[in-house]
>>> print(open('query.cif').read())   # mmCIF, C-alpha atoms
data_run
#
loop_
_atom_site.label_atom_id
_atom_site.label_comp_id
_atom_site.auth_asym_id
_atom_site.auth_seq_id
_atom_site.Cartn_x
_atom_site.Cartn_y
_atom_site.Cartn_z
CA MET A 753 16.03 12.55 -16.48
CA GLN A 754 18.17 13.77 -13.61
CA GLN A 755 16.09 16.93 -13.40
CA LEU A 756 13.14 14.84 -12.26
CA GLU A 757 14.88 13.31 -9.24
CA PRO A 758 13.77 16.11 -6.86
CA LYS A 759 10.21 15.65 -8.12
CA PHE A 760 10.30 11.91 -7.47
CA ALA A 761 11.67 12.58 -4.00
CA ALA A 762 8.95 15.14 -3.26
CA TRP A 763 6.24 12.77 -4.52
CA ARG A 764 7.57 9.99 -2.35
CA ARG A 765 7.63 12.23 0.70
CA ALA A 766 3.98 13.11 0.04
CA LEU A 767 2.94 9.48 0.43
CA ASN A 768 1.02 8.57 3.54
CA PRO A 769 3.63 8.10 6.32
CA ALA A 770 1.85 4.96 7.52
CA ILE A 771 2.82 2.91 4.47
CA THR A 772 5.93 0.75 4.55
CA GLU A 773 9.20 1.54 2.78
CA ALA A 774 8.59 -1.47 0.57
CA ALA A 775 5.15 -0.28 -0.54
CA ALA A 776 6.52 3.23 -1.17
CA GLU A 777 9.27 1.74 -3.28
CA GLU A 778 6.79 -0.28 -5.29
CA LEU A 779 4.66 2.78 -5.99
CA GLU A 780 7.65 4.92 -6.93
CA SER A 781 8.91 2.24 -9.27
CA HIS A 782 5.52 2.24 -10.95
CA LEU A 783 5.56 6.02 -11.28
CA ARG A 784 8.98 5.86 -12.91
CA ALA A 785 7.79 3.21 -15.36
CA VAL A 786 4.90 5.44 -16.45
CA VAL A 787 7.24 8.43 -16.79
CA ASP A 788 9.59 6.38 -18.98
CA GLU A 789 6.64 5.29 -21.12
CA GLN A 790 5.54 8.90 -21.64
CA ILE A 791 9.06 10.07 -22.45
CA ALA A 792 9.33 7.26 -24.98
CA ALA A 793 6.06 8.53 -26.45
CA GLY A 794 7.73 11.87 -27.05
CA LYS A 795 6.72 13.97 -24.05
CA SER A 796 9.18 16.24 -22.29
CA PRO A 797 10.38 15.02 -18.87
CA ASP A 798 8.23 17.55 -17.00
CA GLU A 799 5.12 16.76 -19.03
CA ALA A 800 5.79 13.07 -18.62
CA PHE A 801 6.02 13.49 -14.86
CA THR A 802 2.77 15.46 -14.63
CA LEU A 803 0.93 12.89 -16.75
CA ALA A 804 2.35 10.02 -14.72
CA VAL A 805 1.24 11.57 -11.44
CA GLN A 806 -2.24 12.08 -12.91
CA ARG A 807 -2.34 8.43 -14.00
CA LEU A 808 -1.22 7.10 -10.66
CA GLY A 809 -3.42 9.41 -8.68
CA ASN A 810 -2.40 11.91 -6.06
CA PRO A 811 0.11 10.45 -3.58
CA ALA A 812 -2.05 10.93 -0.51
CA ASP A 813 -4.98 9.06 -2.09
CA VAL A 814 -2.91 6.28 -3.60
CA SER A 815 -1.19 5.54 -0.32
CA ARG A 816 -4.30 5.92 1.79
CA GLU A 817 -5.54 2.65 0.29
CA PHE A 818 -2.43 0.99 1.62
CA ALA A 819 -2.45 2.59 5.04
CA LYS A 820 -6.02 1.73 5.96
CA ALA A 821 -6.02 -1.87 4.82
CA ARG A 822 -2.56 -2.64 6.12
CA SER A 823 -2.94 -2.24 9.87
CA GLN A 824 -3.28 -5.85 10.77
CA THR A 825 -1.03 -7.24 13.45
CA TRP A 826 1.05 -10.29 12.77
CA LEU A 827 0.37 -13.02 15.31
CA PRO A 828 3.87 -13.26 16.84
CA VAL A 829 3.77 -9.51 17.48
CA LYS A 830 0.47 -9.84 19.32
CA LEU A 831 1.89 -12.68 21.41
CA ALA A 832 5.04 -10.70 22.19
CA LEU A 833 3.11 -7.65 23.36
CA VAL A 834 0.86 -9.77 25.59
CA ALA A 835 3.95 -11.51 26.97
CA VAL A 836 5.56 -8.16 27.84
CA VAL A 837 2.52 -7.05 29.81
CA ILE A 838 2.20 -10.34 31.69
CA ILE A 839 5.93 -10.51 32.41
CA SER A 840 6.04 -6.92 33.63
CA LEU A 841 3.17 -7.57 36.01
CA ALA A 842 4.71 -10.79 37.29
CA LEU A 843 8.08 -9.12 37.75
CA GLY A 844 6.44 -6.22 39.52
CA ILE A 845 4.95 -8.59 42.06
CA ILE A 846 8.18 -10.53 42.56
CA VAL A 847 10.18 -7.34 42.93
CA LEU A 848 7.79 -5.87 45.48
CA ASN A 849 8.49 -8.91 47.62
CA ILE A 850 12.22 -8.36 47.65
CA THR A 851 11.90 -4.65 48.42
CA GLU A 852 11.92 -5.27 52.12
CA THR A 853 14.95 -7.49 52.19
CA ARG A 854 17.06 -5.76 49.55
CA GLY A 855 15.83 -2.18 49.44
CA LEU A 856 13.82 -0.15 46.94
CA LEU A 857 16.77 0.86 44.77
CA LEU A 858 17.93 -2.69 44.11
CA ALA A 859 14.36 -3.84 43.58
CA ALA A 860 13.71 -1.10 41.04
CA HIS A 861 16.99 -1.90 39.28
CA THR A 862 16.08 -5.60 39.08
CA PHE A 863 12.65 -4.79 37.68
CA ALA A 864 13.94 -2.40 35.04
CA ILE A 865 16.78 -4.64 33.87
CA SER A 866 14.57 -7.73 33.74
CA VAL A 867 11.85 -6.01 31.73
CA GLY A 868 14.51 -4.49 29.50
CA TYR A 869 16.33 -7.76 28.79
CA LEU A 870 13.12 -9.74 28.32
CA SER A 871 11.66 -7.20 25.89
CA GLY A 872 14.94 -7.28 24.02
CA LEU A 873 14.81 -11.07 23.84
CA LEU A 874 11.29 -10.85 22.43
CA VAL A 875 12.58 -8.63 19.61
CA GLY A 876 15.03 -11.38 18.66
CA GLY A 877 12.22 -13.89 19.03
CA LEU A 878 10.26 -11.95 16.42
CA GLY A 879 13.37 -12.08 14.26
CA ILE A 880 13.44 -15.86 14.47
CA CYS A 881 9.71 -16.14 13.68
CA PHE A 882 10.16 -13.86 10.70
CA ALA A 883 13.17 -15.82 9.46
CA LEU A 884 11.16 -19.06 9.64
CA GLN A 885 8.17 -17.63 7.80
CA ARG A 886 10.39 -16.10 5.17
CA TRP A 887 12.15 -19.40 4.61
CA LEU A 888 8.75 -21.06 4.20
CA GLY A 889 7.80 -18.39 1.65
CA GLN A 890 4.85 -17.11 3.68
CA THR A 891 5.59 -13.42 4.19
CA SER A 892 3.79 -10.47 2.65
CA LEU A 893 4.22 -6.70 2.75
CA ALA A 894 1.59 -6.49 5.50
CA ILE A 895 3.45 -8.97 7.68
CA GLU A 896 6.73 -7.15 7.11
CA ALA A 897 5.10 -3.88 8.13
CA SER A 898 3.63 -5.37 11.30
CA ALA A 899 6.89 -7.13 12.18
CA THR A 900 8.86 -3.89 11.75
CA ARG A 901 6.43 -1.90 13.89
CA GLY A 902 6.29 -4.55 16.61
CA ALA A 903 10.06 -4.95 16.73
CA ALA A 904 10.59 -1.18 16.91
CA LEU A 905 8.11 -0.82 19.77
CA LEU A 906 9.66 -3.63 21.80
CA ALA A 907 13.20 -2.43 21.08
CA LYS A 908 12.39 1.08 22.31
CA LEU A 909 10.85 -0.31 25.48
CA ALA A 910 13.87 -2.56 25.98
CA LEU A 911 16.31 0.31 25.48
CA VAL A 912 14.56 2.66 27.90
CA MET A 913 14.21 0.02 30.60
CA THR A 914 17.78 -1.23 30.20
CA ILE A 915 19.19 2.29 30.45
CA LEU A 916 17.04 2.91 33.52
CA GLY A 917 18.16 -0.38 35.03
CA VAL A 918 21.84 0.30 34.37
CA LEU A 919 21.60 3.78 35.91
CA LEU A 920 19.80 2.48 38.98
CA GLY A 921 22.39 -0.28 39.24
CA ALA A 922 25.23 2.23 39.15
CA ILE A 923 23.64 4.37 41.85
CA TRP A 924 23.12 1.28 44.00
CA ALA A 925 26.72 0.16 43.39
CA GLN A 926 27.95 3.54 44.56
CA GLY A 927 26.13 3.03 47.85
CA ALA A 928 26.85 -0.70 48.32
CA TRP A 929 30.37 -1.06 46.88
CA GLY A 930 31.65 2.51 46.90
CA ARG A 931 32.03 2.95 43.15
CA LEU A 932 29.70 3.87 40.29
CA TRP A 933 31.06 1.68 37.53
CA ALA A 934 33.87 -0.85 37.26
CA TRP A 935 33.12 -2.76 34.06
CA ASP A 936 32.37 -5.96 35.92
CA GLY A 937 30.51 -8.80 34.15
CA LYS A 938 26.99 -7.50 34.68
CA GLU A 939 27.88 -3.88 34.04
CA THR A 940 29.67 -4.70 30.81
CA GLY A 941 26.70 -6.87 29.85
CA GLY A 942 24.28 -4.03 30.47
CA ALA A 943 26.35 -1.59 28.44
CA SER A 944 26.60 -4.05 25.52
CA VAL A 945 22.86 -4.54 25.47
CA ILE A 946 22.27 -0.78 25.39
CA PHE A 947 24.75 -0.53 22.55
CA ALA A 948 23.12 -3.35 20.56
CA LEU A 949 19.59 -1.99 21.00
CA ALA A 950 20.66 1.54 20.06
CA ILE A 951 22.26 0.29 16.85
CA PHE A 952 19.19 -1.77 16.02
CA LEU A 953 16.90 1.24 16.44
CA ALA A 954 19.23 3.59 14.57
CA CYS A 955 19.39 1.31 11.53
CA HIS A 956 15.83 0.17 11.78
CA ASN A 957 14.28 2.84 9.58
CA ARG A 958 16.11 1.97 6.42
CA PRO A 959 17.21 -1.61 5.86
CA SER A 960 15.22 -4.51 4.54
CA THR A 961 13.23 -6.32 7.20
CA ARG A 962 15.52 -9.30 6.82
CA ALA A 963 18.57 -7.25 7.81
CA ALA A 964 16.73 -5.85 10.82
CA MET A 965 15.68 -9.30 11.95
CA ILE A 966 19.22 -10.67 11.66
CA GLN A 967 20.42 -7.74 13.78
CA ALA A 968 17.69 -8.55 16.30
CA ILE A 969 18.79 -12.17 16.56
CA ILE A 970 22.40 -11.10 17.10
CA GLY A 971 21.16 -8.64 19.71
CA ASN A 972 19.54 -11.53 21.52
CA ILE A 973 22.82 -13.38 21.61
CA ILE A 974 24.36 -10.32 23.26
CA ILE A 975 21.53 -10.08 25.77
CA SER A 976 21.77 -13.78 26.57
CA LEU A 977 25.49 -13.45 27.24
CA ALA A 978 25.01 -10.25 29.24
CA TRP A 979 22.39 -11.83 31.43
CA PHE A 980 23.43 -15.39 31.97
CA ALA A 981 27.22 -15.38 31.67
CA PRO A 982 27.89 -13.26 34.76
CA ALA A 983 25.30 -15.34 36.62
CA LYS A 984 27.08 -18.49 35.42
CA SER A 985 23.78 -20.06 34.32
CA PHE A 986 25.46 -22.04 31.61
CA VAL A 987 22.64 -24.45 30.86
CA ILE A 988 20.19 -21.64 30.10
CA LEU A 989 22.90 -19.74 28.25
CA THR A 990 23.75 -22.71 26.04
CA ALA A 991 20.09 -23.34 25.27
CA LEU A 992 19.56 -19.70 24.29
CA LEU A 993 22.70 -19.56 22.17
CA LEU A 994 21.67 -22.72 20.34
CA ILE A 995 18.20 -21.38 19.58
CA HIS A 996 19.62 -18.17 18.23
CA ALA A 997 22.33 -19.88 16.21
CA VAL A 998 19.61 -21.91 14.51
CA GLY A 999 17.67 -18.69 13.99
CA LEU A 1000 20.64 -17.05 12.26
CA VAL A 1001 21.16 -20.06 10.02
CA VAL A 1002 17.51 -20.04 8.97
CA ALA A 1003 17.68 -16.28 8.33
CA ALA A 1004 20.68 -16.80 6.11
CA LEU A 1005 19.01 -19.48 4.01
CA PRO A 1006 17.37 -18.48 0.75
CA ALA A 1007 13.59 -18.34 1.03
CA ARG A 1008 11.73 -21.38 -0.25
CA SER A 1009 9.84 -19.99 -3.22
CA LYS A 1010 11.77 -19.48 -6.42
CA ALA A 1011 14.20 -16.52 -6.26
CA PHE A 1012 12.41 -14.93 -3.32
CA ALA A 1013 15.01 -12.46 -2.13
CA ASN A 1014 14.20 -9.92 0.54
CA MET B 1382 -16.33 2.99 -22.64
CA LYS B 1383 -17.01 3.64 -18.99
CA LEU B 1384 -17.23 0.33 -17.14
CA ASP B 1385 -19.44 -0.12 -14.11
CA LYS B 1386 -17.42 0.13 -10.87
CA GLN B 1387 -18.69 -3.13 -9.50
CA LEU B 1388 -17.90 -4.95 -12.71
CA VAL B 1389 -14.36 -3.61 -12.63
CA ALA B 1390 -14.00 -4.60 -8.99
CA ALA B 1391 -15.37 -8.12 -9.52
CA SER B 1392 -13.15 -8.76 -12.51
CA SER B 1393 -9.91 -7.37 -11.07
CA ALA B 1394 -8.81 -10.46 -9.11
CA PRO B 1395 -9.50 -12.98 -11.90
CA LEU B 1396 -7.79 -10.70 -14.43
CA VAL B 1397 -4.67 -10.23 -12.28
CA LEU B 1398 -4.46 -13.95 -11.48
CA SER B 1399 -4.92 -14.90 -15.12
CA VAL B 1400 -2.21 -12.50 -16.24
CA LEU B 1401 0.11 -14.02 -13.64
CA ALA B 1402 -0.85 -17.49 -14.88
CA GLU B 1403 0.85 -16.47 -18.15
CA GLY B 1404 4.02 -15.74 -16.22
CA ASP B 1405 5.48 -13.78 -13.29
CA SER B 1406 5.05 -10.04 -13.60
CA TYR B 1407 5.07 -6.72 -11.77
CA GLY B 1408 2.44 -4.01 -11.21
CA TYR B 1409 3.05 -1.76 -14.17
CA ALA B 1410 3.36 -4.64 -16.64
CA ILE B 1411 0.15 -6.28 -15.37
CA ILE B 1412 -1.80 -3.08 -16.04
CA GLN B 1413 -0.28 -2.78 -19.51
CA ARG B 1414 -1.29 -6.36 -20.32
CA VAL B 1415 -4.87 -5.85 -19.18
CA ARG B 1416 -5.11 -2.67 -21.22
CA GLU B 1417 -3.71 -4.46 -24.24
CA LEU B 1418 -6.06 -7.43 -23.86
CA SER B 1419 -9.11 -5.22 -23.66
CA ASP B 1420 -8.03 -3.00 -26.58
CA GLY B 1421 -7.73 -0.18 -24.12
CA GLU B 1422 -11.28 -0.46 -22.83
CA ILE B 1423 -10.28 -1.63 -19.36
CA GLN B 1424 -8.45 1.36 -17.99
CA TRP B 1425 -7.57 0.63 -14.42
CA THR B 1426 -6.39 3.57 -12.35
CA ASP B 1427 -2.79 2.52 -11.83
CA GLY B 1428 -3.01 3.00 -8.09
CA MET B 1429 -6.04 0.72 -7.85
CA LEU B 1430 -4.05 -2.37 -8.76
CA TYR B 1431 -1.83 -2.47 -5.68
CA PRO B 1432 -4.47 -3.03 -3.00
CA VAL B 1433 -5.71 -5.95 -5.13
CA LEU B 1434 -2.19 -7.38 -5.48
CA HIS B 1435 -1.46 -7.05 -1.78
CA TRP B 1436 -4.78 -8.60 -0.84
CA LEU B 1437 -3.95 -11.52 -3.12
CA GLU B 1438 -0.51 -11.79 -1.55
CA GLU B 1439 -1.80 -11.72 2.02
CA ASN B 1440 -4.18 -14.51 1.27
CA GLY B 1441 -1.43 -16.59 -0.24
CA PHE B 1442 -2.82 -16.53 -3.80
CA VAL B 1443 0.33 -14.91 -5.18
CA LYS B 1444 3.91 -14.73 -3.92
CA GLY B 1445 5.85 -11.48 -4.09
CA ARG B 1446 9.61 -11.06 -4.40
CA TRP B 1447 12.09 -8.29 -5.08
CA GLU B 1448 14.32 -8.32 -8.13
CA LYS B 1449 16.75 -5.81 -9.60
CA SER B 1450 15.35 -4.16 -12.71
CA GLU B 1451 17.50 -2.99 -15.67
CA SER B 1452 17.86 0.46 -14.13
CA GLY B 1453 19.25 -1.05 -10.92
CA ARG B 1454 16.21 -0.20 -8.80
CA ARG B 1455 14.30 -2.90 -6.94
CA ARG B 1456 11.09 -4.06 -8.52
CA ARG B 1457 8.44 -6.25 -6.91
CA TYR B 1458 7.49 -9.30 -8.96
CA TYR B 1459 4.52 -11.52 -8.29
CA ALA B 1460 4.06 -15.20 -9.09
CA LEU B 1461 0.88 -17.26 -9.03
CA ALA B 1462 0.85 -19.65 -6.04
CA ASN B 1463 -0.88 -23.04 -5.97
CA LYS B 1464 -3.54 -21.65 -3.70
CA GLY B 1465 -4.00 -18.89 -6.28
CA ARG B 1466 -4.39 -21.38 -9.10
CA LYS B 1467 -7.21 -23.08 -7.17
CA PHE B 1468 -8.85 -19.74 -6.45
CA LEU B 1469 -8.58 -18.78 -10.11
CA ASP B 1470 -10.25 -22.05 -11.13
CA GLU B 1471 -13.14 -21.28 -8.78
CA GLN B 1472 -13.45 -17.78 -10.20
CA ARG B 1473 -13.39 -19.11 -13.74
CA ALA B 1474 -16.17 -21.58 -12.95
CA GLN B 1475 -18.30 -18.74 -11.58
CA TRP B 1476 -17.68 -16.53 -14.59
CA LYS B 1477 -18.56 -19.40 -16.93
CA VAL B 1478 -21.91 -19.81 -15.22
CA VAL B 1479 -22.76 -16.13 -15.56
CA HIS B 1480 -21.34 -15.84 -19.05
CA GLY B 1481 -23.17 -19.00 -20.15
CA ALA B 1482 -26.53 -17.73 -18.99
CA LEU B 1483 -26.08 -14.28 -20.56
CA ASN B 1484 -24.81 -15.81 -23.78
CA LYS B 1485 -27.89 -18.00 -24.18
CA LEU B 1486 -30.16 -15.01 -23.68
CA TRP B 1487 -28.20 -12.66 -25.94
CA ARG B 1488 -27.78 -15.23 -28.71
CA THR B 1489 -31.50 -15.37 -29.22
CA GLN B 1490 -32.26 -11.74 -28.37
CA TYR B 1491 -29.55 -10.34 -30.62
CA ALA B 1492 -29.54 -13.06 -33.29
CA THR B 1493 -29.36 -10.63 -36.24
CA ALA B 1494 -26.67 -8.35 -34.66
#
>>> encode(input="query.cif", output="structure tokens")
Amino acid sequence: MQQLEPKFAAWRRALNPAITEAAAEELESHLRAVVDEQIAAGKSPDEAFTLAVQRLGNPADVSREFAKARSQTWLPVKLALVAVVIISLALGIIVLNITETRGLLLAAHTFAISVGYLSGLLVGGLGICFALQRWLGQTSLAIEASATRGAALLAKLALVMTILGVLLGAIWAQGAWGRLWAWDGKETGGASVIFALAIFLACHNRPSTRAAMIQAIIGNIIISLAWFAPAKSFVILTALLLIHAVGLVVAALPARSKAFAN
Amino acid sequence: MKLDKQLVAASSAPLVLSVLAEGDSYGYAIIQRVRELSDGEIQWTDGMLYPVLHWLEENGFVKGRWEKSESGRRRRYYALANKGRKFLDEQRAQWKVVHGALNKLWRTQYATA
């Protein structure tokens, strides 16, 4: 049946791009089962494939059903997006106030880094929420899809803002301290966060949602360290690290319902 | 025979839930079972099953999980949840009412058949 692999791949690519990897996998697995059934009934591989595609329906139609019904937004994602908007507005106001005393460049840097780090923390927050729901056995393909979309959106925002903040910080450092970059606590922190977010986004297209969420929680630990360690805010740092350690433990636990493994 | 669209739609959830009440299963196998039970008369379009399954999953009536199949690929299995069992009982009660009424009428109207 090796000759059919390109056909399976082409069929899968023809599915509506809005459906999740998981749903695509489920449909493909069904297609393969029908092909096997037809081959067992004596058809040639090519005939079997054609019949199976007819039975399942054309890929665009089959997946359209999924795409239209599946655009609900998981509650934690809604909350996270609202939080980002509110936080950005609040930060904008705070930062405008310090523009006079500290200068526009530093103000802009503070705004960008704060929005970046906070958005990043929200991604990890989604990871913890997902881990909890998964442990309680209450996830579904629709929730996974919404969680993945929400996390990707926030992670991209976080990455862009953090890069912007780090660049602005370097330019300011050149003016204030005479050097662009010296790997001090905050600079190293910023670089690590960029690194973590970039890895999360790069891997995010392929792995299971659970893997992505674990990465997100680890990313949060990095952000927490990057932000609060240089500032020596050890109480906040300890609290954040504890929350995320619990999150990782919950993510590692098997999900409650029998043999649920995702 | 060609079954009325609305009849197929109304019966899809109770059929899927009842098949899962027999034991955990996956999409393709559920369709096979329904076909077998109806002597081939209920011919669901294979693609039509999945929106029903996912709707059932979102509402907590069934629980989905991934398992490795014999070929090594992942396969999504579904299990009836407690909430689903209750929903199925409600559906069964409704079908009994309708079936009961029709049966009484048809028993007398088609007594010789």
>>> resolve_selection(input="query.cif", expression="the PyMOL selection byres ((chain B and resi 1390) around 12)", output="number ranges by chain")
B: 1384-1389, 1391-1397, 1423, 1425-1426, 1429-1430, 1432-1433
>>> write_last_selection(input="query.cif", atoms="C-alpha atoms", output="mmCIF file, keeping the file's coordinate frame")
data_model
loop_
_atom_site.group_PDB
_atom_site.id
_atom_site.type_symbol
_atom_site.label_atom_id
_atom_site.label_comp_id
_atom_site.auth_asym_id
_atom_site.auth_seq_id
_atom_site.Cartn_x
_atom_site.Cartn_y
_atom_site.Cartn_z
ATOM 1 C CA LEU B 1384 -17.230 0.330 -17.140
ATOM 2 C CA ASP B 1385 -19.440 -0.120 -14.110
ATOM 3 C CA LYS B 1386 -17.420 0.130 -10.870
ATOM 4 C CA GLN B 1387 -18.690 -3.130 -9.500
ATOM 5 C CA LEU B 1388 -17.900 -4.950 -12.710
ATOM 6 C CA VAL B 1389 -14.360 -3.610 -12.630
ATOM 7 C CA ALA B 1391 -15.370 -8.120 -9.520
ATOM 8 C CA SER B 1392 -13.150 -8.760 -12.510
ATOM 9 C CA SER B 1393 -9.910 -7.370 -11.070
ATOM 10 C CA ALA B 1394 -8.810 -10.460 -9.110
ATOM 11 C CA PRO B 1395 -9.500 -12.980 -11.900
ATOM 12 C CA LEU B 1396 -7.790 -10.700 -14.430
ATOM 13 C CA VAL B 1397 -4.670 -10.230 -12.280
ATOM 14 C CA ILE B 1423 -10.280 -1.630 -19.360
ATOM 15 C CA TRP B 1425 -7.570 0.630 -14.420
ATOM 16 C CA THR B 1426 -6.390 3.570 -12.350
ATOM 17 C CA MET B 1429 -6.040 0.720 -7.850
ATOM 18 C CA LEU B 1430 -4.050 -2.370 -8.760
ATOM 19 C CA PRO B 1432 -4.470 -3.030 -3.000
ATOM 20 C CA VAL B 1433 -5.710 -5.950 -5.130
#
>>> resolve_selection(input="query.cif", expression="the PyMOL selection byres ((chain A and resi 914) around 9)", output="PyMOL selection string")
chain A and resi 864-869+909-913+915-919+942-943+945-946
>>> residues_around(input="query.cif", residues="stretch 1457-1459 of chain B", least_positions_apart="2", cutoff="8 Å", atoms="all atoms listed in the file", output="JSON, numbers by chain")
{"A": [778], "B": [1401, 1405, 1406, 1407, 1408, 1443, 1444, 1445, 1446, 1447, 1448, 1455, 1461]}
>>> write_last_selection(input="query.cif", atoms="C-alpha atoms", output="short mmCIF file (atom, residue, chain, number, x, y, z; two decimals), in the frame of the given file")
data_model
loop_
_atom_site.label_atom_id
_atom_site.label_comp_id
_atom_site.auth_asym_id
_atom_site.auth_seq_id
_atom_site.Cartn_x
_atom_site.Cartn_y
_atom_site.Cartn_z
CA GLU A 778 6.79 -0.28 -5.29
CA LEU B 1401 0.11 -14.02 -13.64
CA ASP B 1405 5.48 -13.78 -13.29
CA SER B 1406 5.05 -10.04 -13.60
CA TYR B 1407 5.07 -6.72 -11.77
CA GLY B 1408 2.44 -4.01 -11.21
CA VAL B 1443 0.33 -14.91 -5.18
CA LYS B 1444 3.91 -14.73 -3.92
CA GLY B 1445 5.85 -11.48 -4.09
CA ARG B 1446 9.61 -11.06 -4.40
CA TRP B 1447 12.09 -8.29 -5.08
CA GLU B 1448 14.32 -8.32 -8.13
CA ARG B 1455 14.30 -2.90 -6.94
CA LEU B 1461 0.88 -17.26 -9.03
#
>>> resolve_selection(input="query.cif", expression="the PyMOL selection byres ((chain B and resi 1462-1474) around 9)", output="list in words")
Ala1394, Pro1395, Leu1398, Ser1399, Ala1402, Leu1437, Asn1440, Gly1441, Phe1442, Val1443, Lys1444, Ala1460, Leu1461, Gln1475, Trp1476, Lys1477, Val1478 and Val1479 of chain B
>>> atom_distance(input="query.cif", atom1="atom CA of A:Lys908", atom2="atom CA of A:Gly971")
13.3 Å
>>> closest_residue(input="query.cif", among="A:Arg901, A:Arg931, A:Arg854, A:Arg784", to="B:Tyr1409", atoms="only C-alpha atoms")
A:Arg784
>>> residues_near_point(input="query.cif", point="(-3.3, -5.1, -20.4)", cutoff="10 Å", atoms="only C-alpha atoms", output="list in words")
Leu1396, Val1397, Val1400, Tyr1409, Ala1410, Ile1411, Ile1412, Gln1413, Arg1414, Val1415, Arg1416, Glu1417, Leu1418, Ser1419, Asp1420, Gly1421, Glu1422, Ile1423, Gln1424 and Trp1425 of chain B
>>> atom_distance(input="query.cif", atom1="atom CA of A:Ser781", atom2="atom CA of A:Arg764")
10.5 Å
>>> atom_distance(input="query.cif", atom1="atom CA of A:Ile771", atom2="atom CA of A:Glu799")
27.4 Å
>>> closest_residue(input="query.cif", among="B:Ala1492, B:Lys1383, B:Lys1449, B:Glu1439", to="chain A", atoms="all atoms listed in the file")
B:Glu1439
>>> residues_around(input="query.cif", residues="A:Ser840", least_positions_apart="3", cutoff="9 Å", atoms="all atoms listed in the file", output="ChimeraX atom specification")
/A:835-837,843-845,863,866-867
>>> closest_residue(input="query.cif", among="A:Ile846, A:Val787, A:Ile951, A:Ala792", to="chain B", atoms="all atoms listed in the file")
A:Val787
